[in-house]
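J.: Attaching a single structure in structure tokens format; questions to follow.
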Amino acid sequence: MEADIKTLPNHTGKVLDHPFSGKTTYKVGTKVICCLDGARIGIQYETSFAGDPCELYYCVLGSRSFLEKMSVREHTVPFFLPIREAENDLLSSNAKRFIDYVGEILQAYVDRREQVQLLKELYGHQIGELYHSLSYNLVEFVLEEFECKVTVSLKYGDIVSVLPSQSKVMAWPVFPSKQGGEIIDRRRNSLTSFQPMPCHLPLAEQALLTMNLPQAYAEMVLNLRQRL
């Protein structure tokens, strides 16, 4: 574990004294499980993106006696992820499922977040506005291409999803200020105001549902002119 910590990008060269130091530990997939003092169980969750390690998260379970159900004593899970709901629904009946589920929601959160960060790094110069919820289960952004403003809205219906369950892509015509959204009514020889109608882009929506965000964005922009 110390060797792994030293390889992290933000490591300062000093191995921190964490709760698992000097304890017998068991590594199960991306989790490290350890028995702590006072009838407690500690779990370390490793997260990654595209094969590169990201943050480590911790959760400590315990109970006052064998007659009481286990509860979450301490954790470093972000407050906006539903660890307390998972504790109420799973921990007393299936501790293994609880431990696995917390790992799933942490990994999915990191994956969604890193997808958005990578999108900003690669295509930030093309994207005018970008909004997201704390857990990145709602993402919206806007870009202007080919005299259109394209709005993209993504919703992840399941907190453990890394691909959105719903996507909506609309293209709105953008007219030069001289035109001002007006057309000439030849029958009345006068200017008539009109409201431009948006264009729905179902193929772009399908790409966003089946590919990671940066890849889907590249696919969408590549075919945007033809689709418009």
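Residues are named by chain letter and number: chains run A, B, ... in the order of the structure tokens, numbers start at 1 in each chain, and ligands are numbered from 1 in the order shown.
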Using only C-alpha atoms, which residues sit within 9 Å of Val110 in chain A once same-chain residues fewer than 4 positions away are excluded, as a list of chain:residue names?

T.: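 After dropping sequence-adjacent residues, the list is A:Thr47, A:Ser48, A:Phe49, A:Cys54, A:Glu55, A:Ile105, A:Leu106, A:Glu114, A:Gln115, A:Ser135, A:Tyr136.
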
J.: Restricting the calculation to only C-alpha atoms, which member of A:Val221, A:Leu36, A:Leu118, A:Val102 is positioned closest to Tyr57 in chain A?

T.: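 Of A:Val221, A:Leu36, A:Leu118, A:Val102, the one nearest Tyr57 in chain A is A:Val102, counting only C-alpha atoms.
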
J.: Return as a Markdown table the residues of range 69-148 of chain A lying at most 6 Å from range 152-155 of chain A, together with the closest atom-to-atom pair for each and the distance in Å to one decimal, counting only C-alpha atoms, with rows in chain order and ascending residue number.

T.:
| residue | atom | partner | partner_atom | distance |
| --- | --- | --- | --- | --- |
| A:Asn137 | CA | A:Lys155 | CA | 5.8 |
| A:Leu138 | CA | A:Lys155 | CA | 4.8 |
| A:Val139 | CA | A:Leu154 | CA | 5.1 |
| A:Glu140 | CA | A:Ser153 | CA | 4.5 |
| A:Phe141 | CA | A:Val152 | CA | 5.4 |

J.: Quick one, how far is CA of Gly38 in chain A from CA of Glu85 in chain A?

T.: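 Calculated distance between CA of Gly38 in chain A and CA of Glu85 in chain A is 24.7 Å.
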